[in-house]
Structures are given as structure tokens and as C-alpha cells.
>>> print(open('run17.cif').read())   # mmCIF, C-alpha atoms
data_start
loop_
_atom_site.label_atom_id
_atom_site.label_comp_id
_atom_site.auth_asym_id
_atom_site.auth_seq_id
_atom_site.Cartn_x
_atom_site.Cartn_y
_atom_site.Cartn_z
CA MET A 1 -15.50 -58.97 8.01
CA SER A 2 -12.44 -58.33 10.17
CA THR A 3 -11.61 -54.84 11.44
CA PRO A 4 -8.13 -53.73 10.33
CA ARG A 5 -5.83 -53.11 13.30
CA VAL A 6 -4.22 -49.68 13.46
CA SER A 7 -1.02 -49.67 15.47
CA LEU A 8 0.77 -46.57 16.80
CA ALA A 9 3.78 -47.41 14.67
CA ALA A 10 1.61 -47.58 11.55
CA THR A 11 0.00 -44.25 12.40
CA LEU A 12 3.39 -42.61 12.90
CA ARG A 13 4.56 -44.08 9.60
CA ALA A 14 1.46 -42.64 7.91
CA VAL A 15 2.07 -39.21 9.41
CA GLY A 16 5.74 -39.74 8.61
CA ASP A 17 7.60 -36.55 8.00
CA ARG A 18 4.49 -34.63 6.98
CA TRP A 19 4.58 -32.56 10.17
CA ARG A 20 7.93 -31.15 9.10
CA TRP A 21 6.38 -29.20 6.24
CA VAL A 22 2.98 -28.65 7.83
CA LEU A 23 4.15 -27.07 11.11
CA PRO A 24 5.64 -23.76 9.81
CA PRO A 25 2.61 -22.84 7.64
CA ALA A 26 0.29 -23.91 10.48
CA LEU A 27 2.06 -21.46 12.79
CA LEU A 28 1.70 -18.72 10.18
CA VAL A 29 -2.05 -19.37 9.89
CA ALA A 30 -2.52 -19.47 13.69
CA VAL A 31 -0.79 -16.10 14.20
CA ALA A 32 -2.45 -14.49 11.18
CA ILE A 33 -5.93 -15.53 12.39
CA THR A 34 -5.26 -14.11 15.86
CA GLN A 35 -3.92 -10.76 14.63
CA PRO A 36 -7.23 -9.32 13.30
CA VAL A 37 -8.82 -10.08 16.68
CA LEU A 38 -6.14 -7.97 18.37
CA VAL A 39 -6.64 -5.23 15.78
CA HIS A 40 -10.40 -5.22 16.42
CA ARG A 41 -10.37 -5.58 20.20
CA ALA A 42 -7.11 -3.93 21.33
CA HIS A 43 -6.52 -1.41 18.50
CA LEU A 44 -3.29 -3.09 17.41
CA THR A 45 -2.27 -1.45 14.13
CA PRO A 46 -3.04 -3.73 11.14
CA TRP A 47 0.57 -3.30 10.00
CA LYS A 48 1.97 -5.29 12.92
CA GLY A 49 1.37 -8.57 14.68
CA GLY A 50 2.10 -11.06 11.90
CA GLY A 51 -1.23 -10.82 10.07
CA PHE A 52 0.13 -9.45 6.76
CA GLY A 53 -1.92 -6.26 6.95
CA MET A 54 0.98 -4.02 5.94
CA PHE A 55 0.33 -1.79 2.92
CA ALA A 56 -3.38 -2.47 3.44
CA ALA A 57 -4.55 0.31 5.78
CA THR A 58 -3.57 3.87 6.65
CA ASP A 59 -3.78 3.00 10.35
CA GLY A 60 -0.03 2.59 10.86
CA ALA A 61 2.54 4.22 13.13
CA ALA A 62 2.75 7.29 10.88
CA PHE A 63 -0.89 8.18 11.51
CA ARG A 64 -1.01 7.61 15.23
CA ARG A 65 0.36 9.82 17.99
CA VAL A 66 0.64 9.65 21.74
CA ARG A 67 -0.34 12.77 23.68
CA MET A 68 1.54 12.89 26.98
CA VAL A 69 0.31 15.18 29.75
CA VAL A 70 2.11 15.51 33.08
CA GLU A 71 0.30 16.98 36.10
CA ARG A 72 2.24 18.67 38.91
CA ASP A 73 1.55 21.41 41.42
CA GLY A 74 -2.07 21.53 40.26
CA ARG A 75 -1.06 22.27 36.63
CA ALA A 76 -1.27 20.06 33.54
CA GLU A 77 1.56 20.33 31.04
CA GLU A 78 1.88 18.55 27.69
CA THR A 79 5.31 17.06 27.14
CA GLU A 80 7.25 15.36 24.35
CA SER A 81 8.90 11.97 24.07
CA SER A 82 12.66 11.66 24.40
CA PRO A 83 15.21 9.03 23.32
CA SER A 84 14.78 7.16 26.61
CA LEU A 85 11.02 6.89 25.97
CA ASP A 86 10.92 6.50 22.18
CA ARG A 87 10.73 2.73 22.13
CA LEU A 88 7.96 2.53 24.76
CA GLU A 89 6.13 5.38 23.04
CA LEU A 90 6.19 3.53 19.70
CA GLN A 91 5.05 0.28 21.32
CA ALA A 92 2.14 2.09 23.01
CA ARG A 93 1.28 3.86 19.77
CA LEU A 94 1.12 0.56 17.85
CA LEU A 95 -0.79 -1.28 20.59
CA PRO A 96 -2.43 1.11 23.08
CA SER A 97 -3.21 -1.53 25.71
CA ASP A 98 -3.34 -0.63 29.40
CA HIS A 99 -0.14 -2.60 29.93
CA ARG A 100 1.81 -0.73 27.22
CA LEU A 101 0.43 2.65 28.28
CA ARG A 102 1.27 1.99 31.94
CA LEU A 103 4.87 1.05 31.07
CA LEU A 104 5.19 4.32 29.16
CA ALA A 105 3.54 6.33 31.96
CA ILE A 106 5.90 4.88 34.58
CA ALA A 107 8.93 5.62 32.40
CA LEU A 108 7.69 9.14 31.72
CA ALA A 109 7.16 9.83 35.42
CA ALA A 110 10.64 8.49 36.17
CA ARG A 111 12.14 10.74 33.48
CA GLU A 112 10.44 13.80 34.93
CA GLN A 113 11.66 12.93 38.43
CA ARG A 114 15.21 12.41 37.14
CA ARG A 115 14.99 15.94 35.77
CA GLY A 116 14.02 17.18 39.22
CA ARG A 117 10.38 17.88 38.33
CA PRO A 118 7.64 16.64 40.66
CA VAL A 119 4.81 14.56 39.12
CA THR A 120 1.40 13.84 40.62
CA SER A 121 -0.06 12.02 37.61
CA VAL A 122 0.55 11.20 33.97
CA ARG A 123 -2.22 11.16 31.37
CA LEU A 124 -1.63 9.39 28.07
CA GLU A 125 -3.89 9.46 25.01
CA VAL A 126 -3.33 7.58 21.74
CA TRP A 127 -4.94 9.21 18.71
CA ARG A 128 -5.19 7.88 15.19
CA THR A 129 -5.92 9.80 12.01
CA THR A 130 -8.55 8.65 9.53
CA PHE A 131 -9.14 10.21 6.12
CA ALA A 132 -12.42 11.03 4.34
CA GLU A 133 -12.93 9.01 1.17
CA ALA A 134 -13.85 11.93 -1.08
CA ASP A 135 -11.25 14.60 -0.28
CA LEU A 136 -8.94 12.89 2.23
CA GLN A 137 -9.82 15.40 4.97
CA PRO A 138 -8.13 14.11 8.13
CA VAL A 139 -9.91 13.54 11.44
CA GLU A 140 -8.40 12.26 14.68
CA GLU A 141 -10.03 9.70 16.93
CA LEU A 142 -9.02 8.47 20.36
CA VAL A 143 -8.08 4.76 20.46
CA GLY A 144 -6.59 4.47 23.94
CA SER A 145 -5.99 6.43 27.12
CA LEU A 146 -4.71 5.98 30.64
CA VAL A 147 -4.24 8.06 33.77
CA HIS A 148 -1.39 6.96 36.02
CA ARG A 149 -1.23 8.37 39.56
CA VAL A 150 2.28 8.74 40.94
CA ARG A 151 2.67 7.87 44.63
CA MET B 1 26.15 -31.41 -19.46
CA SER B 2 27.79 -28.40 -21.08
CA GLY B 3 30.74 -26.63 -19.45
CA GLU B 4 28.65 -23.54 -18.81
CA THR B 5 25.88 -25.53 -17.13
CA ASP B 6 28.48 -27.38 -15.07
CA VAL B 7 29.85 -24.07 -13.79
CA GLY B 8 26.30 -22.92 -13.13
CA HIS B 9 25.61 -26.01 -11.05
CA ARG B 10 28.79 -25.52 -9.03
CA VAL B 11 27.98 -21.87 -8.37
CA LEU B 12 24.24 -22.14 -7.78
CA GLY B 13 24.27 -25.65 -6.28
CA ASP B 14 20.89 -27.19 -5.51
CA SER B 15 17.72 -25.29 -4.74
CA VAL B 16 17.95 -25.87 -0.99
CA SER B 17 21.50 -24.53 -0.73
CA VAL B 18 20.73 -21.48 -2.86
CA ALA B 19 17.59 -20.70 -0.82
CA LEU B 20 19.51 -21.06 2.44
CA ARG B 21 22.44 -18.94 1.22
CA LEU B 22 20.11 -16.14 0.14
CA THR B 23 18.43 -16.27 3.55
CA ALA B 24 21.80 -16.15 5.33
CA ILE B 25 22.82 -13.11 3.28
CA GLU B 26 19.54 -11.42 4.19
CA LEU B 27 20.24 -12.03 7.88
CA LEU B 28 23.60 -10.31 7.42
CA LEU B 29 22.23 -7.40 5.40
CA ARG B 30 19.29 -6.72 7.71
CA PRO B 31 20.44 -7.66 11.23
CA LEU B 32 17.61 -8.07 13.67
CA GLY B 33 16.88 -8.80 17.25
CA PRO B 34 17.88 -7.40 20.66
CA TRP B 35 21.55 -6.91 21.46
CA ALA B 36 21.92 -10.38 23.00
CA ALA B 37 20.48 -12.25 20.01
CA ARG B 38 21.97 -10.16 17.22
CA PRO B 39 25.63 -11.29 17.43
CA LEU B 40 24.53 -14.94 17.54
CA ALA B 41 22.29 -14.54 14.50
CA LEU B 42 24.99 -12.66 12.59
CA GLY B 43 27.63 -15.22 13.52
CA LEU B 44 25.50 -18.17 12.49
CA ALA B 45 24.56 -16.53 9.19
CA ALA B 46 28.21 -15.74 8.42
CA LEU B 47 29.35 -19.28 9.30
CA ALA B 48 26.56 -20.72 7.15
CA LEU B 49 27.86 -18.76 4.17
CA LEU B 50 31.47 -19.82 4.79
CA PHE B 51 30.99 -23.50 5.61
CA PRO B 52 28.63 -25.77 3.62
CA ARG B 53 28.25 -28.12 6.60
CA VAL B 54 26.96 -25.27 8.76
CA LEU B 55 24.68 -24.17 5.91
CA ARG B 56 23.13 -27.65 5.67
CA SER B 57 22.94 -28.25 9.41
CA GLN B 58 19.51 -28.62 10.96
CA ALA B 59 20.81 -27.06 14.21
CA THR B 60 21.85 -23.86 12.40
CA TRP B 61 18.37 -23.14 11.11
CA LEU B 62 16.51 -24.22 14.22
CA ALA B 63 18.79 -21.90 16.23
CA LEU B 64 18.18 -19.06 13.78
CA ALA B 65 14.42 -19.68 13.98
CA ALA B 66 14.64 -19.51 17.77
CA LEU B 67 16.68 -16.27 17.66
CA VAL B 68 14.22 -14.63 15.27
CA ALA B 69 11.31 -15.80 17.44
CA VAL B 70 13.00 -14.37 20.55
CA SER B 71 13.44 -11.03 18.81
CA ILE B 72 9.73 -11.01 17.88
CA VAL B 73 8.69 -11.71 21.47
CA VAL B 74 11.12 -9.25 23.07
CA GLU B 75 10.35 -6.42 20.65
CA TRP B 76 6.62 -7.12 20.22
CA PRO B 77 4.66 -5.48 18.62
CA LEU B 78 7.45 -3.67 16.73
CA PRO B 79 8.66 -6.38 14.27
CA ASP B 80 7.36 -6.17 10.71
CA ASN B 81 5.41 -9.04 9.19
CA HIS B 82 8.34 -10.37 7.19
CA ILE B 83 10.23 -10.99 10.43
CA TYR B 84 7.47 -13.44 11.38
CA LEU B 85 7.77 -14.97 7.92
CA LEU B 86 11.54 -15.21 8.41
CA ALA B 87 11.00 -17.13 11.66
CA TYR B 88 8.62 -19.60 9.96
CA TRP B 89 11.04 -19.94 7.05
CA CYS B 90 14.08 -20.64 9.26
CA LEU B 91 11.97 -23.20 11.15
CA ALA B 92 10.91 -24.76 7.84
CA ALA B 93 14.58 -24.99 6.80
CA GLY B 94 15.58 -26.58 10.10
CA LEU B 95 12.80 -29.15 9.94
CA ALA B 96 13.41 -29.90 6.24
CA LEU B 97 17.12 -30.53 6.76
CA GLY B 98 16.20 -33.32 9.19
CA ALA B 99 13.84 -34.96 6.67
CA PRO B 100 14.79 -37.82 4.34
CA ASP B 101 14.19 -35.53 1.33
CA PRO B 102 15.06 -31.95 2.38
CA GLY B 103 14.37 -30.47 -1.06
CA THR B 104 10.79 -31.73 -1.30
CA THR B 105 10.03 -30.93 2.34
CA LEU B 106 11.37 -27.37 2.09
CA ALA B 107 9.55 -26.82 -1.21
CA ARG B 108 6.24 -27.89 0.33
CA SER B 109 6.72 -25.59 3.32
CA GLY B 110 7.86 -22.73 1.10
CA ARG B 111 4.88 -23.07 -1.22
CA LEU B 112 2.40 -23.04 1.65
CA LEU B 113 4.14 -20.17 3.44
CA LEU B 114 4.02 -18.12 0.25
CA GLY B 115 0.40 -19.08 -0.39
CA PHE B 116 -0.87 -18.27 3.09
CA ALA B 117 1.17 -15.04 3.38
CA PHE B 118 -0.39 -13.77 0.15
CA ALA B 119 -3.83 -15.10 1.13
CA PHE B 120 -3.80 -13.14 4.39
CA ALA B 121 -2.47 -10.06 2.61
CA VAL B 122 -5.44 -10.33 0.24
CA LEU B 123 -7.83 -10.86 3.16
CA TRP B 124 -6.57 -7.65 4.77
CA LYS B 125 -6.61 -5.58 1.60
CA GLY B 126 -9.89 -6.87 0.21
CA VAL B 127 -12.02 -7.48 3.31
CA LEU B 128 -10.64 -6.35 6.66
CA SER B 129 -9.13 -2.97 5.83
CA PRO B 130 -11.53 -0.01 6.02
CA ASP B 131 -9.64 2.10 3.48
CA TYR B 132 -7.80 -0.05 0.93
CA VAL B 133 -10.34 -0.98 -1.74
CA ASP B 134 -11.65 2.58 -2.06
CA GLY B 135 -8.11 3.74 -2.87
CA ARG B 136 -7.51 5.87 0.22
CA PHE B 137 -4.56 3.84 1.41
CA PHE B 138 -2.40 4.46 -1.64
CA ARG B 139 -3.63 8.05 -2.12
CA VAL B 140 -2.55 8.93 1.42
CA THR B 141 0.62 6.84 1.40
CA LEU B 142 1.89 8.20 -1.91
CA LEU B 143 1.37 11.75 -0.67
CA THR B 144 2.87 11.36 2.79
CA ASP B 145 5.62 8.73 2.64
CA ASP B 146 8.79 10.49 1.55
CA ARG B 147 10.21 7.25 0.19
CA PHE B 148 7.62 7.51 -2.60
CA ALA B 149 8.20 11.21 -3.30
CA ASP B 150 10.40 10.73 -6.37
CA THR B 151 8.15 8.01 -7.79
CA VAL B 152 5.11 10.24 -7.27
CA ALA B 153 6.88 13.06 -9.08
CA VAL B 154 7.86 10.86 -12.04
CA VAL B 155 4.62 8.87 -12.44
CA GLY B 156 2.00 10.96 -10.65
CA GLY B 157 2.99 14.38 -11.95
CA LEU B 158 3.18 16.03 -8.54
CA ASP B 159 6.06 18.43 -8.02
CA ARG B 160 7.72 18.80 -4.62
CA GLU B 161 5.97 22.09 -3.78
CA THR B 162 2.45 20.74 -4.43
CA LEU B 163 3.32 17.58 -2.57
CA GLU B 164 4.37 19.56 0.51
CA ALA B 165 1.13 21.60 0.40
CA SER B 166 -0.92 18.40 0.20
CA ARG B 167 1.02 16.94 3.10
CA ARG B 168 0.13 19.96 5.24
CA ALA B 169 -3.53 19.45 4.33
CA LEU B 170 -3.34 15.86 5.57
CA VAL B 171 -2.28 16.88 9.07
CA PRO B 172 -5.36 16.81 11.32
CA LEU B 173 -6.37 19.44 13.83
CA PRO B 174 -5.79 18.14 17.34
CA GLY B 175 -8.48 16.48 19.42
CA GLY B 176 -10.87 15.61 16.60
CA ALA B 177 -11.56 19.27 15.67
CA GLU B 178 -12.46 20.18 12.08
CA ALA B 179 -11.52 23.39 10.23
CA LEU B 180 -14.24 25.57 8.71
CA GLU B 181 -12.28 25.95 5.48
CA PRO B 182 -9.78 23.13 5.42
CA PRO B 183 -6.83 23.26 2.98
CA GLU B 184 -7.28 21.04 -0.06
CA VAL B 185 -5.30 18.02 -1.11
CA VAL B 186 -4.13 18.23 -4.73
CA GLU B 187 -4.52 14.98 -6.67
CA PRO B 188 -3.87 15.31 -10.44
CA PRO B 189 -5.55 12.71 -12.71
CA ALA B 190 -2.20 10.96 -13.32
CA PHE B 191 -1.73 10.64 -9.58
CA ARG B 192 -5.22 9.15 -9.08
CA ARG B 193 -4.60 6.71 -11.93
CA PHE B 194 -1.30 5.70 -10.36
CA ALA B 195 -2.93 5.19 -6.94
CA ASN B 196 -5.77 3.15 -8.50
CA ALA B 197 -3.32 1.03 -10.48
CA LEU B 198 -1.33 0.26 -7.34
CA THR B 199 -4.50 -0.50 -5.36
CA TRP B 200 -6.09 -2.92 -7.79
CA GLY B 201 -2.87 -4.20 -9.35
CA GLY B 202 -1.49 -5.10 -5.92
CA LEU B 203 -4.68 -6.82 -4.85
CA ALA B 204 -5.06 -8.76 -8.11
CA VAL B 205 -1.46 -9.96 -8.28
CA GLU B 206 -1.43 -11.04 -4.63
CA ALA B 207 -4.72 -12.91 -5.11
CA VAL B 208 -3.34 -14.70 -8.17
CA LEU B 209 -0.15 -15.58 -6.26
CA ALA B 210 -2.13 -16.92 -3.31
CA LEU B 211 -4.17 -19.14 -5.63
CA LEU B 212 -1.13 -20.33 -7.59
CA CYS B 213 0.83 -21.17 -4.43
CA LEU B 214 -2.03 -22.94 -2.67
CA ALA B 215 -3.09 -24.87 -5.80
CA PRO B 216 -1.57 -28.34 -6.36
CA SER B 217 1.61 -28.35 -8.44
CA VAL B 218 0.13 -29.88 -11.59
CA GLY B 219 0.22 -28.93 -15.28
CA TRP B 220 1.01 -25.27 -15.94
CA VAL B 221 0.61 -24.18 -12.32
CA PRO B 222 4.31 -24.37 -11.26
CA ARG B 223 5.46 -22.41 -14.32
CA ALA B 224 2.79 -19.75 -13.80
CA ARG B 225 3.65 -19.58 -10.09
CA HIS B 226 7.32 -18.88 -10.81
CA ALA B 227 6.54 -16.36 -13.55
CA VAL B 228 4.09 -14.34 -11.42
CA LEU B 229 6.28 -14.49 -8.29
CA LEU B 230 9.35 -13.28 -10.22
CA ALA B 231 7.35 -10.47 -11.84
CA PHE B 232 5.82 -9.50 -8.49
CA CYS B 233 9.22 -9.20 -6.83
CA ALA B 234 10.74 -7.35 -9.80
CA LEU B 235 7.95 -4.75 -9.85
CA THR B 236 6.81 -4.45 -6.23
CA TYR B 237 10.17 -3.82 -4.64
CA SER B 238 11.01 -1.09 -7.13
CA VAL B 239 8.38 0.91 -5.21
CA ALA B 240 7.86 -0.81 -1.85
CA PRO B 241 10.74 0.02 0.49
CA VAL B 242 10.93 -3.41 2.17
CA ALA B 243 13.78 -5.27 0.49
CA GLY B 244 13.87 -7.82 3.32
CA PHE B 245 10.41 -9.04 2.37
CA GLY B 246 11.38 -9.28 -1.29
CA TRP B 247 14.51 -11.31 -0.53
CA LEU B 248 12.53 -13.70 1.61
CA LEU B 249 9.97 -14.28 -1.15
CA VAL B 250 12.83 -14.90 -3.60
CA ALA B 251 14.46 -17.43 -1.24
CA MET B 252 11.16 -19.27 -0.92
CA GLY B 253 10.68 -19.14 -4.67
CA VAL B 254 14.11 -20.72 -5.20
CA SER B 255 13.15 -23.58 -2.90
CA LEU B 256 10.32 -24.44 -5.32
CA CYS B 257 12.73 -24.97 -8.22
CA GLY B 258 13.35 -28.52 -9.38
CA PRO B 259 16.84 -30.07 -9.59
CA THR B 260 17.17 -29.25 -13.31
CA ASP B 261 15.69 -25.74 -13.15
CA LEU B 262 19.07 -24.00 -13.39
CA TRP B 263 17.74 -21.06 -15.41
CA LEU B 264 14.91 -20.57 -12.98
CA ARG B 265 17.34 -20.47 -10.07
CA ARG B 266 19.45 -17.98 -12.01
CA SER B 267 16.36 -15.85 -12.58
CA TYR B 268 15.58 -15.79 -8.87
CA VAL B 269 19.17 -14.83 -8.02
CA ALA B 270 18.98 -12.05 -10.63
CA ILE B 271 15.76 -10.74 -9.07
CA TRP B 272 17.36 -10.96 -5.61
CA LEU B 273 20.16 -8.73 -6.90
CA LEU B 274 17.62 -6.41 -8.50
CA VAL B 275 15.84 -5.98 -5.15
CA LEU B 276 19.24 -5.24 -3.61
CA LEU B 277 19.80 -2.54 -6.23
CA TYR B 278 16.34 -1.10 -5.62
CA SER B 279 17.11 -0.80 -1.93
CA GLU B 280 20.56 0.71 -2.34
CA VAL B 281 20.11 2.92 -5.43
CA ASN B 282 17.53 5.71 -5.56
CA TRP B 283 16.48 4.95 -9.15
CA ALA B 284 13.45 7.26 -9.09
CA GLY B 285 15.66 10.12 -7.88
CA ILE B 286 18.09 9.44 -10.73
CA VAL B 287 15.23 9.48 -13.25
CA MET B 288 14.01 12.77 -11.74
CA ASP B 289 17.49 14.27 -12.10
CA LEU B 290 17.64 13.16 -15.73
CA LEU B 291 14.23 14.71 -16.45
CA ARG B 292 15.13 18.04 -14.87
#
>>> encode(input="run17.cif", output="C-alpha cells")
Amino acid sequence: MSTPRVSLAATLRAVGDRWRWVLPPALLVAVAITQPVLVHRAHLTPWKGGGFGMFAATDGAAFRRVRMVVERDGRAEETESSPSLDRLELQARLLPSDHRLRLLAIALAAREQRRGRPVTSVRLEVWRTTFAEADLQPVEELVGSLVHRVR
Amino acid sequence: MSGETDVGHRVLGDSVSVALRLTAIELLLRPLGPWAARPLALGLAALALLFPRVLRSQATWLALAALVAVSIVVEWPLPDNHIYLLAYWCLAAGLALGAPDPGTTLARSGRLLLGFAFAFAVLWKGVLSPDYVDGRFFRVTLLTDDRFADTVAVVGGLDRETLEASRRALVPLPGGAEALEPPEVVEPPAFRRFANALTWGGLAVEAVLALLCLAPSVGWVPRARHAVLLAFCALTYSVAPVAGFGWLLVAMGVSLCGPTDLWLRRSYVAIWLLVLLYSEVNWAGIVMDLLR
């Protein structure tokens, strides 16, 4: 019995234009499989990251907050976000990774210095709210934190 | 072919053109991306609507896919899930327009994109989420998201004052502390029924849609797929404040229509307009005003 010969041209003809309709859904699946890993390991909110977890969990931007504490002259003072920080604050709230928190801390320190206030360190904490099943009583839990020393 | 059908064909064209036009309009209505990408995306979408050759050009859609992808990367993790779906969809359009049979290629991509998007939504709601199946997600969302306030008042029987009191009860004490006598959340039976209906209705319909879109297109499956997708868009986006997602699902649904499915294409366009109305007209607020 002879073995049929498979040429490259024949293989390409067999694949044909199939890749054109397979590639976009394959990308969707690849991203959507990765997203739950980021949610589990890096506390990415389920609502973001391309995994289609929106309208599935309360753990979204609305139920997370970033606590920002600036230390100077031996005192710790809690401060608020401002328009120049809002975007970084939201990014850190949705994904409280060291990288995102450090970007926010650096920007916060720079803002304080622009305002003529000395800064020795910045402490950031990301809290999320969970709700009890029976009566929806809210409880906060810490999902990320970082202390940034200012030189 | 009757005169009316002839006019319909001229206006609604083929499924690919209708799907692409609806996508281009969405890009104009909901501009996205950083400042450098936004004018390019808007310009391309406008040109695609004005010139059929631009609309049917592979380069247009590959460029739009690239611009949407750039905006996802630059703004990560801020973009919503439908922006990812928009990137895949623009890529699918670009690749399909280079294929020998663009209609079939785009329909296959569209069907799988719809199927997997719903399948992952079901995976999140049914398995991965810690608080969806037990109803907490919708109970909390309906009470706290102001976009649902009028709907909650009409369907759930919660007046504005009670709603505000419940919202205060849902604000946690800082640092993980717990109150000795915490304020109570008020949830009337009609409200709980509404939250349960949304929880299980949403999960069931999305599961059915995932199965219908991932199943082979044989027998009654295509008809059922269109019927459920149209009903899903008509109902979901009357409550869910994400018109962009609805429009995208409609555009993908149109791509699944056959060459002779004029009425089906008309139905999708009608639902597209309905989603537009939902997003621009506060229907629940109007109903509330009429009831007062």
C-alpha cells in the first residue's frame, strides 16, 4: 500500500481560508481564559480584562476604594484623589498590582510636592466590599497595599 | 421581487454591509480610545458610512481593529468587555473581507464570537462568581446603581426614600469593622422576586444563547438562535445600561442572516434602534412620572 504524499501546498489548500474565521474567536477564548487567572492571583476585578465577568459579581469599581495616606514631618495624613490622579486611582482600584499602586504613589507624591507639601512616604491600600448572603451586611477586606518611600 | 422588497434590499443591502454599517455607527456614537487614536477611528467610521468602497475595504476594518486594540492596551484595565469584543469583531470583518466569500466567513466568526462571549459570561455567572447564583449581585446592584433606581421603583416597589436608607446600610464601616447594631437593608418581596428573576433569567437566557450559537447551524437552530438573540437584546438593554454591547450583538446577529432574510435584517435594525432609544430615553422615569 502506498503512503499518500502530503505537500505544503495541499495542506495550505486544506486550511484554506479557515484561519480567517477561526482567529478572532480564538483570540477571544485566549483572553477570556487568562482573565480569571488575573482575577484570582492579582485581584483584577471580574468586570474587566476581557473575560465577560461583567454583571456577574459585586466586586467592581463601585465596591472598591483606594485609601491614600501621606506621611510627612512624622505625621500620617489621609488624603483624597484629584483630577490629576483619578485615572491612575481607578486603574489601581481595578487591578491593585504593585506596578499600578507604585505609579499612583509616585503621582500622588509629585502632586503633594507641587502643592509645596513635603512627603516622606506614601501608603496605599485597596479595599473591596463584600456582602453577607442573608442580610447584605457589608464588610471590607484589603486586596492590595504598598508603601512608597520618597527620596 | 416586489417593489417594497426591492426598496428594502437597496436600503438594507446584504448582511455584511448592514453589519458593518451598524458597527461604524456604534464607533461614532461611542467614541473610544486615547486622544491619538480617537480621531482616526472616528474618521474611518464616518468614511465607511459615506463611501461603500471604504465600508467594504479590508484595510478599513483591520485598521479599526488595530485602533481598538491600541486603546485596550493603552487604557488597560479600564476598557469594558464589549470593547474587546469590538476589537475581535473589527478583526473578523477585516479578515472576512479578504476571503473569497466574505458573507460566510463573517457569519462563522460572528456566530463563534457570540457563542464564546455568552459561554464565558455563563461561566462567570454560574461557576466563577462568588455572589451571583445566590442572588446577591442583583440585590446589591439594584439597590446601589442609580441607573436602576426608576426600574426598581416601578417593578420592585421601593420608593426613593427607602432606597436611600438601604443604600446607607450598604456602606461598610472602614477597615473591616462591624457595627453592633447595623442598619437594615429593606427588600420587599416584589424586589426579591425581581432580583431573582434577573439572576436566573439572565443566566438561563445566556446559557441558551451560548448553546444555540456554538451548535451547528442545522434544522431549527438558526431560527431559534435569531429569535432568542433578538429577544435578549430587546429585553436586556431596557435595563442594562450598556447600549454599546447591545449594538455589537445586533451587528453580529445581522451577519448571521442569509441573503434572502430581509425581514430578519429589518428586525435586527429595529432592535438596534430600540437599544438606541433605551439609551437615550429614560423610559422607566417616564413610567414613574405617569404613575405618580
>>> closest_atom_pairs(input="run17.cif", of="chain A", to="chain B", cutoff="8 Å", atoms="only C-alpha atoms", output="CSV")
residue,atom,partner,partner_atom,distance
A:Asp17,CA,B:Ala99,CA,6.6
A:Arg20,CA,B:Leu95,CA,5.3
A:Trp21,CA,B:Ser109,CA,4.7
A:Val22,CA,B:Ser109,CA,6.6
A:Leu23,CA,B:Ala92,CA,7.9
A:Pro24,CA,B:Tyr88,CA,5.1
A:Pro25,CA,B:Leu113,CA,5.2
A:Leu27,CA,B:Tyr88,CA,7.4
A:Leu28,CA,B:Tyr88,CA,7.0
A:Val29,CA,B:Phe116,CA,7.0
A:Ala32,CA,B:Phe120,CA,7.1
A:Trp47,CA,B:Asp80,CA,7.4
A:Lys48,CA,B:Asp80,CA,5.9
A:Gly49,CA,B:Pro77,CA,6.0
A:Gly50,CA,B:Asn81,CA,4.7
A:Gly51,CA,B:Phe120,CA,6.7
A:Phe52,CA,B:Ala121,CA,4.9
A:Gly53,CA,B:Trp124,CA,5.3
A:Met54,CA,B:Asn81,CA,7.4
A:Phe55,CA,B:Phe137,CA,7.6
A:Ala56,CA,B:Lys125,CA,4.8
A:Ala57,CA,B:Phe137,CA,5.6
A:Thr58,CA,B:Phe137,CA,5.3
A:Leu90,CA,B:Leu78,CA,7.9
A:Gln91,CA,B:Pro77,CA,6.4
A:Leu94,CA,B:Pro77,CA,7.0
A:Leu95,CA,B:Pro77,CA,7.2
A:Thr129,CA,B:Pro172,CA,7.1
A:Phe131,CA,B:Arg136,CA,7.5
A:Glu133,CA,B:Arg136,CA,6.3
A:Asp135,CA,B:Val185,CA,6.9
A:Leu136,CA,B:Val185,CA,7.1
A:Gln137,CA,B:Leu170,CA,6.5
A:Pro138,CA,B:Pro172,CA,5.0
A:Val139,CA,B:Pro172,CA,5.6
A:Glu140,CA,B:Gly176,CA,4.6
A:Glu141,CA,B:Gly176,CA,6.0
>>> atom_distance(input="run17.cif", atom1="atom CA of Val39 of chain A", atom2="atom CA of Pro83 of chain A")
27.2 Å
>>> atom_distance(input="run17.cif", atom1="atom CA of Gly253 of chain B", atom2="atom CA of Ala19 of chain B")
8.1 Å
>>> resolve_selection(input="run17.cif", expression="the PyMOL selection byres ((chain B and resi 274) around 12)", output="PyMOL selection string")
chain B and resi 230-231+233-238+243+246-247+250+267-273+275-281+283
>>> residues_around(input="run17.cif", residues="Trp35 of chain B", least_positions_apart="3", cutoff="12 Å", atoms="all atoms listed in the file", output="PyMOL selection string")
chain B and resi 31-32+38-42+67+70-71+74-75
>>> atom_distance(input="run17.cif", atom1="atom CA of Ala42 of chain A", atom2="atom CA of Glu125 of chain A")
14.3 Å
>>> axis_aligned_box(input="run17.cif", around="segment 242-260 of chain B", padding_each_side="5 Å", output="AutoDock Vina command-line options")
--center_x 13.6 --center_y -16.7 --center_z -5.0 --size_x 17.2 --size_y 36.7 --size_z 26.6
>>> resolve_selection(input="run17.cif", expression="the PyMOL selection byres ((chain A and resi 119) around 9)", output="list in words")
Val70, Glu71, Arg72, Asp73, Ala109, Ala110, Glu112, Gln113, Arg117, Pro118, Thr120, Ser121, Val122, Arg149, Val150 and Arg151 of chain A
>>> resolve_selection(input="run17.cif", expression="the PyMOL selection byres ((chain A and resi 78) around 6)", output="list in words")
Met68, Val69, Glu77 and Thr79 of chain A
>>> residues_around(input="run17.cif", residues="Trp127 of chain A", least_positions_apart="6", cutoff="7 Å", atoms="all atoms listed in the file", output="PyMOL selection string")
chain A and resi 64-66+140-143
>>> decode(input="run17.cif", residues="segment 80-98 of chain A", atoms="C-alpha atoms", output="CSV table (one decimal), in the first residue's frame")
chain,number,residue,atom,x,y,z
A,80,GLU,CA,-8.2,62.3,48.6
A,81,SER,CA,-7.7,61.7,44.9
A,82,SER,CA,-7.8,64.7,42.5
A,83,PRO,CA,-8.5,65.0,38.7
A,84,SER,CA,-4.8,64.6,38.0
A,85,LEU,CA,-4.8,61.2,39.9
A,86,ASP,CA,-8.3,59.9,39.1
A,87,ARG,CA,-7.3,57.7,36.1
A,88,LEU,CA,-4.3,56.1,38.0
A,89,GLU,CA,-6.5,55.7,41.1
A,90,LEU,CA,-9.2,53.9,39.1
A,91,GLN,CA,-6.6,51.7,37.4
A,92,ALA,CA,-5.1,50.8,40.8
A,93,ARG,CA,-8.6,50.1,42.2
A,94,LEU,CA,-9.4,47.7,39.4
A,95,LEU,CA,-6.1,46.0,39.4
A,96,PRO,CA,-4.1,46.6,42.7
A,97,SER,CA,-0.8,45.3,41.4
A,98,ASP,CA,2.5,46.6,42.8
